[in-house]
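Reproduced below: model-v4.pdb, with PDB, C-alpha atoms and all ligand atoms.
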MODEL        1
ATOM      1  CA  MET T   1     -62.593   8.308   9.106  1.00  0.00           C
ATOM      2  CA  ILE T   2     -65.982  10.001   8.774  1.00  0.00           C
ATOM      3  CA  LEU T   3     -65.951  13.354  10.525  1.00  0.00           C
ATOM      4  CA  LEU T   4     -69.594  14.277  10.030  1.00  0.00           C
ATOM      5  CA  THR T   5     -72.367  11.843   9.261  1.00  0.00           C
ATOM      6  CA  GLU T   6     -75.137  12.960   6.925  1.00  0.00           C
ATOM      7  CA  GLN T   7     -77.371  13.295   9.982  1.00  0.00           C
ATOM      8  CA  GLN T   8     -74.834  15.535  11.754  1.00  0.00           C
ATOM      9  CA  ALA T   9     -74.300  17.704   8.672  1.00  0.00           C
ATOM     10  CA  ASN T  10     -78.046  18.318   8.454  1.00  0.00           C
ATOM     11  CA  ASP T  11     -78.202  18.982  12.181  1.00  0.00           C
ATOM     12  CA  LEU T  12     -75.383  21.518  11.799  1.00  0.00           C
ATOM     13  CA  ILE T  13     -77.051  23.283   8.859  1.00  0.00           C
ATOM     14  CA  THR T  14     -80.334  23.569  10.782  1.00  0.00           C
ATOM     15  CA  PHE T  15     -78.544  24.861  13.898  1.00  0.00           C
ATOM     16  CA  VAL T  16     -76.630  27.549  11.979  1.00  0.00           C
ATOM     17  CA  GLU T  17     -79.691  28.493   9.921  1.00  0.00           C
ATOM     18  CA  ASP T  18     -81.707  29.019  13.116  1.00  0.00           C
ATOM     19  CA  LYS T  19     -78.984  31.183  14.661  1.00  0.00           C
ATOM     20  CA  LEU T  20     -78.688  33.279  11.516  1.00  0.00           C
ATOM     21  CA  THR T  21     -82.363  34.259  11.762  1.00  0.00           C
ATOM     22  CA  THR T  22     -81.538  36.198  14.944  1.00  0.00           C
ATOM     23  CA  LYS T  23     -78.016  37.416  14.158  1.00  0.00           C
ATOM     24  CA  SER T  24     -76.410  37.992  10.765  1.00  0.00           C
ATOM     25  CA  CYS T  25     -73.223  36.278   9.675  1.00  0.00           C
ATOM     26  CA  ASN T  26     -70.011  37.843  11.030  1.00  0.00           C
ATOM     27  CA  HIS T  27     -67.948  36.268   8.218  1.00  0.00           C
ATOM     28  CA  LYS T  28     -66.612  33.657  10.590  1.00  0.00           C
ATOM     29  CA  LEU T  29     -67.601  30.143  11.572  1.00  0.00           C
ATOM     30  CA  THR T  30     -68.927  31.347  14.935  1.00  0.00           C
ATOM     31  CA  PHE T  31     -72.203  29.374  15.127  1.00  0.00           C
ATOM     32  CA  ALA T  32     -70.777  26.376  13.299  1.00  0.00           C
ATOM     33  CA  MET T  33     -67.964  26.155  15.858  1.00  0.00           C
ATOM     34  CA  GLN T  34     -70.501  26.440  18.683  1.00  0.00           C
ATOM     35  CA  TRP T  35     -72.310  23.450  17.252  1.00  0.00           C
ATOM     36  CA  ALA T  36     -69.064  21.488  16.847  1.00  0.00           C
ATOM     37  CA  LYS T  37     -68.008  22.198  20.419  1.00  0.00           C
ATOM     38  CA  LYS T  38     -71.429  21.146  21.716  1.00  0.00           C
ATOM     39  CA  ASN T  39     -71.163  17.908  19.737  1.00  0.00           C
ATOM     40  CA  LYS T  40     -67.599  17.205  20.912  1.00  0.00           C
ATOM     41  CA  ILE T  41     -66.115  17.187  17.418  1.00  0.00           C
ATOM     42  CA  ASP T  42     -62.394  17.893  17.068  1.00  0.00           C
ATOM     43  CA  LEU T  43     -62.429  21.615  16.338  1.00  0.00           C
ATOM     44  CA  GLU T  44     -59.289  21.664  14.228  1.00  0.00           C
ATOM     45  CA  ASP T  45     -60.506  18.832  11.992  1.00  0.00           C
ATOM     46  CA  PHE T  46     -63.919  20.453  11.874  1.00  0.00           C
ATOM     47  CA  GLU T  47     -62.518  23.765  10.667  1.00  0.00           C
ATOM     48  CA  ASP T  48     -60.395  21.988   8.021  1.00  0.00           C
ATOM     49  CA  LEU T  49     -63.463  20.130   6.800  1.00  0.00           C
ATOM     50  CA  MET T  50     -65.512  23.332   6.611  1.00  0.00           C
ATOM     51  CA  LEU T  51     -62.813  25.046   4.541  1.00  0.00           C
ATOM     52  CA  GLU T  52     -62.510  22.013   2.235  1.00  0.00           C
ATOM     53  CA  GLN T  53     -66.260  22.185   1.674  1.00  0.00           C
ATOM     54  CA  GLY T  54     -66.139  25.884   0.800  1.00  0.00           C
ATOM     55  CA  CYS T  55     -67.641  27.003   4.107  1.00  0.00           C
ATOM     56  CA  GLY T  56     -65.557  29.915   5.373  1.00  0.00           C
ATOM     57  CA  CYS T  57     -68.354  31.449   7.447  1.00  0.00           C
ATOM     58  CA  ASP T  58     -71.745  30.560   8.895  1.00  0.00           C
ATOM     59  CA  CYS T  59     -73.848  31.615   5.916  1.00  0.00           C
ATOM     60  CA  GLU T  60     -71.618  29.521   3.644  1.00  0.00           C
ATOM     61  CA  VAL T  61     -72.274  26.511   5.873  1.00  0.00           C
ATOM     62  CA  VAL T  62     -75.962  26.896   5.106  1.00  0.00           C
ATOM     63  CA  LEU T  63     -75.244  27.491   1.416  1.00  0.00           C
ATOM     64  CA  ASN T  64     -72.421  25.077   0.630  1.00  0.00           C
ATOM     65  CA  LEU T  65     -72.314  22.208   3.094  1.00  0.00           C
ATOM     66  CA  PRO T  66     -73.560  19.027   1.365  1.00  0.00           C
ATOM     67  CA  ASP T  67     -76.681  17.710   3.086  1.00  0.00           C
ATOM     68  CA  GLU T  68     -76.393  14.323   1.432  1.00  0.00           C
ATOM     69  CA  GLY T  69     -73.758  11.757   2.329  1.00  0.00           C
ATOM     70  CA  ASP T  70     -71.213  11.472   5.137  1.00  0.00           C
ATOM     71  CA  LEU T  71     -68.262  13.858   5.117  1.00  0.00           C
ATOM     72  CA  GLU T  72     -64.598  13.086   5.689  1.00  0.00           C
ATOM     73  CA  LEU T  73     -61.405  15.078   5.349  1.00  0.00           C
ATOM     74  CA  GLU T  74     -59.721  14.888   1.912  1.00  0.00           C
ATOM     75  CA  GLU T  75     -56.422  14.249   3.642  1.00  0.00           C
ATOM     76  CA  GLU T  76     -57.909  11.179   5.332  1.00  0.00           C
ATOM     77  CA  LYS T  77     -59.441  10.014   2.092  1.00  0.00           C
ATOM     78  CA  GLU T  78     -56.009  10.116   0.433  1.00  0.00           C
ATOM     79  CA  LYS T  79     -54.500   8.159   3.295  1.00  0.00           C
ATOM     80  CA  ASN T  80     -57.205   5.517   2.928  1.00  0.00           C
ATOM     81  CA  GLU T  81     -56.499   5.285  -0.779  1.00  0.00           C
ATOM     82  CA  ASP T  82     -52.802   4.705  -0.024  1.00  0.00           C
ATOM     83  CA  ASN T  83     -53.845   1.797   2.178  1.00  0.00           C
ATOM     84  CA  ILE T  84     -55.981   0.297  -0.564  1.00  0.00           C
ATOM     85  CA  ASN T  85     -53.394   0.789  -3.340  1.00  0.00           C
ATOM     86  CA  PRO T  86     -49.986   1.286  -1.693  1.00  0.00           C
ATOM     87  CA  PHE T  87     -48.038   0.506  -4.875  1.00  0.00           C
ATOM     88  CA  LYS T  88     -50.178   2.854  -6.970  1.00  0.00           C
ATOM     89  CA  ILE T  89     -51.048   0.308  -9.619  1.00  0.00           C
ATOM     90  CA  PRO T  90     -52.736   2.280 -12.428  1.00  0.00           C
ATOM     91  CA  ALA T  91     -56.534   2.001 -12.245  1.00  0.00           C
ATOM     92  CA  ILE T  92     -56.796   1.065 -15.947  1.00  0.00           C
ATOM     93  CA  PHE T  93     -54.510  -1.964 -15.570  1.00  0.00           C
ATOM     94  CA  VAL T  94     -56.341  -5.286 -15.960  1.00  0.00           C
ATOM     95  CA  GLU T  95     -54.608  -8.093 -14.098  1.00  0.00           C
ATOM     96  CA  ASP T  96     -54.283 -11.663 -15.347  1.00  0.00           C
ATOM     97  CA  LEU T  97     -53.985 -13.799 -12.233  1.00  0.00           C
ATOM     98  CA  SER T  98     -53.900 -17.196 -13.952  1.00  0.00           C
ATOM     99  CA  LYS T  99     -51.002 -16.419 -16.273  1.00  0.00           C
ATOM    100  CA  LEU T 100     -47.539 -17.776 -15.476  1.00  0.00           C
ATOM    101  CA  TYR T 101     -44.597 -15.414 -15.649  1.00  0.00           C
ATOM    102  CA  ASP T 102     -40.918 -16.318 -15.879  1.00  0.00           C
ATOM    103  CA  LYS T 103     -39.048 -13.046 -15.456  1.00  0.00           C
ATOM    104  CA  ALA T 104     -38.477 -10.842 -12.423  1.00  0.00           C
ATOM    105  CA  LEU T 105     -36.146  -8.027 -11.389  1.00  0.00           C
ATOM    106  CA  PHE T 106     -32.988  -8.690  -9.422  1.00  0.00           C
ATOM    107  CA  THR T 107     -30.055  -6.765  -8.108  1.00  0.00           C
ATOM    108  CA  SER T 108     -27.099  -6.881 -10.468  1.00  0.00           C
ATOM    109  CA  ASP T 109     -24.340  -9.485 -10.345  1.00  0.00           C
ATOM    110  CA  ASP T 110     -22.070  -6.515 -10.901  1.00  0.00           C
ATOM    111  CA  LEU T 111     -21.297  -4.993  -7.507  1.00  0.00           C
ATOM    112  CA  ASP T 112     -21.022  -1.527  -9.088  1.00  0.00           C
ATOM    113  CA  TYR T 113     -24.825  -1.397  -9.259  1.00  0.00           C
ATOM    114  CA  ASN T 114     -25.293  -2.431  -5.630  1.00  0.00           C
ATOM    115  CA  ILE T 115     -24.820   0.367  -3.168  1.00  0.00           C
ATOM    116  CA  HIS T 116     -26.714  -1.185  -0.263  1.00  0.00           C
ATOM    117  CA  THR T 117     -27.760  -4.533  -1.733  1.00  0.00           C
ATOM    118  CA  SER T 118     -25.986  -7.782  -2.631  1.00  0.00           C
ATOM    119  CA  PRO T 119     -26.130  -9.557  -6.007  1.00  0.00           C
ATOM    120  CA  ASN T 120     -29.143 -11.690  -6.885  1.00  0.00           C
ATOM    121  CA  GLU T 121     -31.797 -10.262  -4.545  1.00  0.00           C
ATOM    122  CA  ILE T 122     -35.352  -9.989  -5.912  1.00  0.00           C
ATOM    123  CA  LEU T 123     -36.436  -6.361  -6.259  1.00  0.00           C
ATOM    124  CA  ILE T 124     -39.972  -4.996  -5.829  1.00  0.00           C
ATOM    125  CA  PRO T 125     -40.920  -1.327  -6.299  1.00  0.00           C
ATOM    126  CA  ALA T 126     -41.063   0.469  -2.952  1.00  0.00           C
ATOM    127  CA  PRO T 127     -44.626   1.514  -2.067  1.00  0.00           C
ATOM    128  CA  TYR T 128     -45.611   5.142  -2.521  1.00  0.00           C
ATOM    129  CA  GLY T 129     -44.317   7.446   0.208  1.00  0.00           C
ATOM    130  CA  TYR T 130     -41.995   4.810   1.693  1.00  0.00           C
ATOM    131  CA  LYS T 131     -38.896   6.068   3.507  1.00  0.00           C
ATOM    132  CA  PRO T 132     -35.920   3.791   2.737  1.00  0.00           C
ATOM    133  CA  LYS T 133     -33.560   2.566   5.453  1.00  0.00           C
ATOM    134  CA  LYS T 134     -30.658   4.053   3.495  1.00  0.00           C
ATOM    135  CA  LYS T 135     -30.712   7.395   1.772  1.00  0.00           C
ATOM    136  CA  MET T 136     -31.351   7.358  -1.984  1.00  0.00           C
ATOM    137  CA  PRO T 137     -30.615  10.193  -4.418  1.00  0.00           C
ATOM    138  CA  ARG T 138     -33.363  12.809  -4.196  1.00  0.00           C
ATOM    139  CA  GLY T 139     -36.074  12.613  -6.809  1.00  0.00           C
ATOM    140  CA  ASP T 140     -35.297   9.042  -7.866  1.00  0.00           C
ATOM    141  CA  TRP T 141     -37.624   6.263  -6.847  1.00  0.00           C
ATOM    142  CA  PHE T 142     -36.290   2.781  -6.106  1.00  0.00           C
ATOM    143  CA  PHE T 143     -36.922  -0.891  -5.600  1.00  0.00           C
ATOM    144  CA  ILE T 144     -36.747  -2.724  -2.289  1.00  0.00           C
ATOM    145  CA  SER T 145     -34.895  -5.998  -1.876  1.00  0.00           C
ATOM    146  CA  SER T 146     -37.208  -8.710  -0.629  1.00  0.00           C
ATOM    147  CA  ILE T 147     -34.233 -10.173   1.218  1.00  0.00           C
ATOM    148  CA  SER T 148     -32.385  -7.270   2.819  1.00  0.00           C
ATOM    149  CA  GLU T 149     -35.111  -4.554   2.689  1.00  0.00           C
ATOM    150  CA  MET T 150     -32.451  -2.265   1.211  1.00  0.00           C
ATOM    151  CA  PRO T 151     -33.280   0.180  -1.607  1.00  0.00           C
ATOM    152  CA  ASN T 152     -31.794  -0.107  -5.072  1.00  0.00           C
ATOM    153  CA  GLY T 153     -32.331   2.209  -8.023  1.00  0.00           C
ATOM    154  CA  LEU T 154     -31.946  -0.326 -10.834  1.00  0.00           C
ATOM    155  CA  GLY T 155     -33.363  -3.803 -11.276  1.00  0.00           C
ATOM    156  CA  PHE T 156     -32.159  -6.318 -13.861  1.00  0.00           C
ATOM    157  CA  VAL T 157     -34.344  -8.793 -15.714  1.00  0.00           C
ATOM    158  CA  LYS T 158     -33.620 -12.425 -14.897  1.00  0.00           C
ATOM    159  CA  GLN T 159     -35.313 -15.718 -15.617  1.00  0.00           C
ATOM    160  CA  ILE T 160     -37.283 -17.345 -12.807  1.00  0.00           C
ATOM    161  CA  GLU T 161     -39.277 -20.573 -12.498  1.00  0.00           C
ATOM    162  CA  PRO T 162     -42.728 -19.931 -14.008  1.00  0.00           C
ATOM    163  CA  ILE T 163     -45.017 -18.589 -11.291  1.00  0.00           C
ATOM    164  CA  SER T 164     -48.444 -16.938 -11.109  1.00  0.00           C
ATOM    165  CA  ALA T 165     -48.944 -13.433  -9.734  1.00  0.00           C
ATOM    166  CA  ILE T 166     -50.895 -14.933  -6.833  1.00  0.00           C
ATOM    167  CA  GLU T 167     -48.064 -17.301  -5.834  1.00  0.00           C
ATOM    168  CA  PHE T 168     -45.361 -14.696  -6.386  1.00  0.00           C
ATOM    169  CA  SER T 169     -47.140 -12.040  -4.316  1.00  0.00           C
ATOM    170  CA  LYS T 170     -47.600 -14.573  -1.516  1.00  0.00           C
ATOM    171  CA  LYS T 171     -43.883 -15.354  -1.606  1.00  0.00           C
ATOM    172  CA  ILE T 172     -43.010 -11.664  -1.383  1.00  0.00           C
ATOM    173  CA  ARG T 173     -45.471 -11.050   1.456  1.00  0.00           C
ATOM    174  CA  ASN T 174     -44.018 -14.032   3.309  1.00  0.00           C
ATOM    175  CA  SER T 175     -40.529 -12.540   3.066  1.00  0.00           C
ATOM    176  CA  ASN T 176     -41.519 -10.523   6.153  1.00  0.00           C
ATOM    177  CA  ILE T 177     -40.365  -7.202   4.779  1.00  0.00           C
ATOM    178  CA  GLU T 178     -42.668  -4.683   6.459  1.00  0.00           C
ATOM    179  CA  CYS T 179     -43.115  -2.369   3.447  1.00  0.00           C
ATOM    180  CA  LEU T 180     -43.903  -5.306   1.122  1.00  0.00           C
ATOM    181  CA  LYS T 181     -46.572  -6.879   3.343  1.00  0.00           C
ATOM    182  CA  ASP T 182     -49.361  -5.478   1.131  1.00  0.00           C
ATOM    183  CA  PHE T 183     -47.837  -6.589  -2.187  1.00  0.00           C
ATOM    184  CA  SER T 184     -51.049  -7.889  -3.734  1.00  0.00           C
ATOM    185  CA  PRO T 185     -51.604 -10.343  -6.601  1.00  0.00           C
ATOM    186  CA  ARG T 186     -52.741  -7.334  -8.629  1.00  0.00           C
ATOM    187  CA  ALA T 187     -49.494  -5.474  -7.851  1.00  0.00           C
ATOM    188  CA  ALA T 188     -47.498  -8.600  -8.762  1.00  0.00           C
ATOM    189  CA  SER T 189     -49.430  -8.965 -12.004  1.00  0.00           C
ATOM    190  CA  TYR T 190     -48.641  -5.366 -12.957  1.00  0.00           C
ATOM    191  CA  TYR T 191     -44.975  -5.843 -12.039  1.00  0.00           C
ATOM    192  CA  PHE T 192     -44.724  -8.939 -14.247  1.00  0.00           C
ATOM    193  CA  SER T 193     -46.597  -7.296 -17.119  1.00  0.00           C
ATOM    194  CA  ARG T 194     -43.970  -4.568 -17.233  1.00  0.00           C
ATOM    195  CA  ILE T 195     -41.069  -7.025 -17.207  1.00  0.00           C
ATOM    196  CA  GLU T 196     -42.283  -9.901 -19.383  1.00  0.00           C
ATOM    197  CA  LEU T 197     -41.445  -8.277 -22.726  1.00  0.00           C
ATOM    198  CA  GLN T 198     -37.996  -7.156 -21.626  1.00  0.00           C
ATOM    199  CA  GLN T 199     -34.863  -9.032 -22.605  1.00  0.00           C
ATOM    200  CA  ILE T 200     -32.902 -10.906 -19.958  1.00  0.00           C
ATOM    201  CA  GLY T 201     -30.249  -8.589 -18.553  1.00  0.00           C
ATOM    202  CA  ASN T 202     -32.114  -5.353 -19.279  1.00  0.00           C
ATOM    203  CA  GLY T 203     -32.026  -2.772 -16.527  1.00  0.00           C
ATOM    204  CA  MET T 204     -35.277  -1.219 -15.312  1.00  0.00           C
ATOM    205  CA  TRP T 205     -36.162   1.656 -13.016  1.00  0.00           C
ATOM    206  CA  CYS T 206     -39.424   2.735 -11.435  1.00  0.00           C
ATOM    207  CA  HIS T 207     -41.127   5.996 -10.596  1.00  0.00           C
ATOM    208  CA  PHE T 208     -44.553   7.459  -9.926  1.00  0.00           C
ATOM    209  CA  LEU T 209     -46.292   9.562 -12.528  1.00  0.00           C
ATOM    210  CA  GLU T 210     -48.009  12.203 -10.424  1.00  0.00           C
ATOM    211  CA  ARG T 211     -50.905  14.276 -11.677  1.00  0.00           C
ATOM    212  CA  THR T 212     -53.189  16.898 -10.242  1.00  0.00           C
ATOM    213  CA  GLY T 213     -56.408  17.062 -12.210  1.00  0.00           C
ATOM    214  CA  ILE T 214     -60.149  17.427 -11.879  1.00  0.00           C
ATOM    215  CA  GLY T 215     -60.387  14.283  -9.776  1.00  0.00           C
ATOM    216  CA  GLY T 216     -57.715  15.594  -7.406  1.00  0.00           C
ATOM    217  CA  PHE T 217     -54.205  14.223  -6.971  1.00  0.00           C
ATOM    218  CA  SER T 218     -53.241  10.845  -8.371  1.00  0.00           C
ATOM    219  CA  ALA T 219     -50.051   8.843  -8.795  1.00  0.00           C
ATOM    220  CA  ASP T 220     -49.396   5.837 -11.033  1.00  0.00           C
ATOM    221  CA  LEU T 221     -46.494   3.407 -10.740  1.00  0.00           C
ATOM    222  CA  LYS T 222     -44.308   3.110 -13.827  1.00  0.00           C
ATOM    223  CA  ILE T 223     -41.602   0.501 -14.353  1.00  0.00           C
ATOM    224  CA  ASN T 224     -39.521   1.366 -17.394  1.00  0.00           C
ATOM    225  CA  LYS T 225     -36.497   0.140 -19.251  1.00  0.00           C
ATOM    226  CA  ALA T 226     -33.370   1.989 -18.204  1.00  0.00           C
ATOM    227  CA  VAL T 227     -31.418   3.420 -21.098  1.00  0.00           C
ATOM    228  CA  ARG T 228     -27.769   2.943 -20.396  1.00  0.00           C
TER
HETATM  229 ZN    ZN T 301     -71.125  34.666   5.770  1.00  0.00          ZN
ENDMDL
END
Before anything else, please render the file you have as C-alpha cells.
Amino acid sequence: MILLTEQQANDLITFVEDKLTTKSCNHKLTFAMQWAKKNKIDLEDFEDLMLEQGCGCDCEVVLNLPDEGDLELEEEKEKNEDNINPFKIPAIFVEDLSKLYDKALFTSDDLDYNIHTSPNEILIPAPYGYKPKKKMPRGDWFFISSISEMPNGLGFVKQIEPISAIEFSKKIRNSNIECLKDFSPRAASYYFSRIELQQIGNGMWCHFLERTGIGGFSADLKINKAVR
C-alpha cells in the first residue's frame, strides 16, 4: 500500500520547509506530524515511514525525503513480495514449463517417518512463514501434504505419470489446501527441477536460505537430499 504519493511527499517537503523559515528545527517531527494530521494520514505509519527514510526530525524531512516516486513502508513491501512469491523460488531459477517430469515427493511407506501424515501423500514445501496445523520441531522447515494438509519433515522420491509443471501445479491448487492455493507453475517447475535427478526412494528436506544484504532481506527455497 502506498502511504505517500510523490505529490504528497513534495507537498510535505514544501510545508515543512516553509515552517522552518519561521522556526528552527526542534529535533522532532513536529511540523511533519502537523502536515500528516491535516492530511488524515495514519500517524503511526507516517512516523515509521519517516524513520525508514532517514527523517528523524523536520530538517531531515527536507533533506532526506525522496521527492521522486511514491513511498510505501518496507514492511508492506515485504508482505507484497510474499504474496507474489510465497514459496520463495530463487530469482535466478529459469523455469521450463513445457518439460514433462516423472518424479515427485511423497510421504514414506514406512510409518516411522509419518508423524502426522499417512503413507503415499504428495508433499509440497510449505510456503514461507506458514504456521502448520501440528507443531514441527523448531528450526526445521517442512512439506505439506496435498491431501491432509499435515506437515512432514521428509519427502521421498517416487515415480509419477509424466506431467508438466503447469498441469501439476493446477492439480495441487485444486486440492483445496489453503496454503497451497498459490502453488504456481514456476514453483512446480522449481520443485521438479530439484527432484528430477534424485534416485527413487531418496529422502529430501526443504528449508529457506535467508540472507540480509545490500538489497535488504531475502529468502530462497532449497530442497535438498537428506543424508541418512
Ligand atoms: Zn532537525
field: Computed interatomic separation between CA of Lys171 in chain T and CA of Ala187 in chain T (Å)
entry: 13.0 Å
- request: Would you kindly translate the PyMOL selection byres (((chain T and resi 155) around 12) and not hetatm) into the concrete residues it picks from this file, as an MDAnalysis selection string?
  value: chainID T and resid 103:110 113:114 117 119:125 141:145 151:154 156:158 191 195 198 200:206 223:226
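Nearest-residue note for Ile84 in chain T: choosing from T:Asn176, T:Gln8, T:Pro127, T:Lys135, the minimum distance belongs to T:Pro127, counting all atoms listed in the file.
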task: Write out as a VMD selection string which residues come within 12 Å of range 21-25 of chain T when counting all atoms listed in the file, dropping same-chain ones fewer than 3 positions away.
output: chain T and resid 14 to 18 28 to 32 56 to 62
Spatial neighbours of Leu49 in chain T, max dist 10 Å, all atoms listed in the file, sep filter under 6 positions, as an mmCIF file with C-alpha atoms, in the frame of the given file:
data_model
loop_
_atom_site.group_PDB
_atom_site.id
_atom_site.type_symbol
_atom_site.label_atom_id
_atom_site.label_comp_id
_atom_site.auth_asym_id
_atom_site.auth_seq_id
_atom_site.Cartn_x
_atom_site.Cartn_y
_atom_site.Cartn_z
ATOM 1 C CA LEU T 3 -65.951 13.354 10.525
ATOM 2 C CA LEU T 4 -69.594 14.277 10.030
ATOM 3 C CA LEU T 43 -62.429 21.615 16.338
ATOM 4 C CA CYS T 55 -67.641 27.003 4.107
ATOM 5 C CA LEU T 65 -72.314 22.208 3.094
ATOM 6 C CA LEU T 71 -68.262 13.858 5.117
ATOM 7 C CA GLU T 72 -64.598 13.086 5.689
ATOM 8 C CA LEU T 73 -61.405 15.078 5.349
ATOM 9 C CA GLU T 74 -59.721 14.888 1.912
ATOM 10 C CA GLU T 75 -56.422 14.249 3.642
#
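Comparing the minimum interatomic distances between Asn83 in chain T and each of T:Asp182, T:Glu68, T:Asp102, T:Asp112, counting all atoms listed in the file, we find that T:Asp182 sits nearest.
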Would you pick out the contacts of Pro162 in chain T at 9 Å or less, using all atoms listed in the file, so that residues sharing its chain but fewer than 2 positions from it are not included, and give the list as a compact mmCIF listing (two decimals) with C-alpha atoms, in the coordinates of the input?
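After the write, selection11.txt holds the following:
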# COMPACT_ATOMS: atom_id res chain seq x y z
CA LEU T 100 -47.54 -17.78 -15.48
CA TYR T 101 -44.60 -15.41 -15.65
CA ASP T 102 -40.92 -16.32 -15.88
CA LYS T 103 -39.05 -13.05 -15.46
CA GLN T 159 -35.31 -15.72 -15.62
CA ILE T 160 -37.28 -17.34 -12.81
CA SER T 164 -48.44 -16.94 -11.11
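Proximity to Leu12 in chain T was assessed for T:Glu95, T:Asp140, T:Glu167, T:Asp67 counting all atoms listed in the file; the smallest distance is recorded for T:Asp67.
You will find CA of His207 in chain T at 5.4 Å from CA of Lys222 in chain T.
When CA of Gly216 in chain T is paired with CA of Pro66 in chain T, their separation reads 18.4 Å.
Minimum distance to Leu97 in chain T across T:Thr212, T:Ser184, T:Ser189, T:Asn39 (counting all atoms listed in the file) occurs at T:Ser189.
Residues near the point (-50.1, -1.5, 7.1), at a distance of 12 Å or less over only C-alpha atoms, make up T:Lys79, T:Asn80, T:Asp82, T:Asn83, T:Ile84, T:Asn85, T:Pro86, T:Pro127, T:Tyr130, T:Ile177, T:Glu178, T:Cys179, T:Leu180, T:Lys181, T:Asp182, T:Phe183.
For the residues T:Ile13, T:Met150, T:Ala219, T:Leu111, ranking by smallest atom-to-atom distance to Lys133 in chain T using only C-alpha atoms places T:Met150 first.
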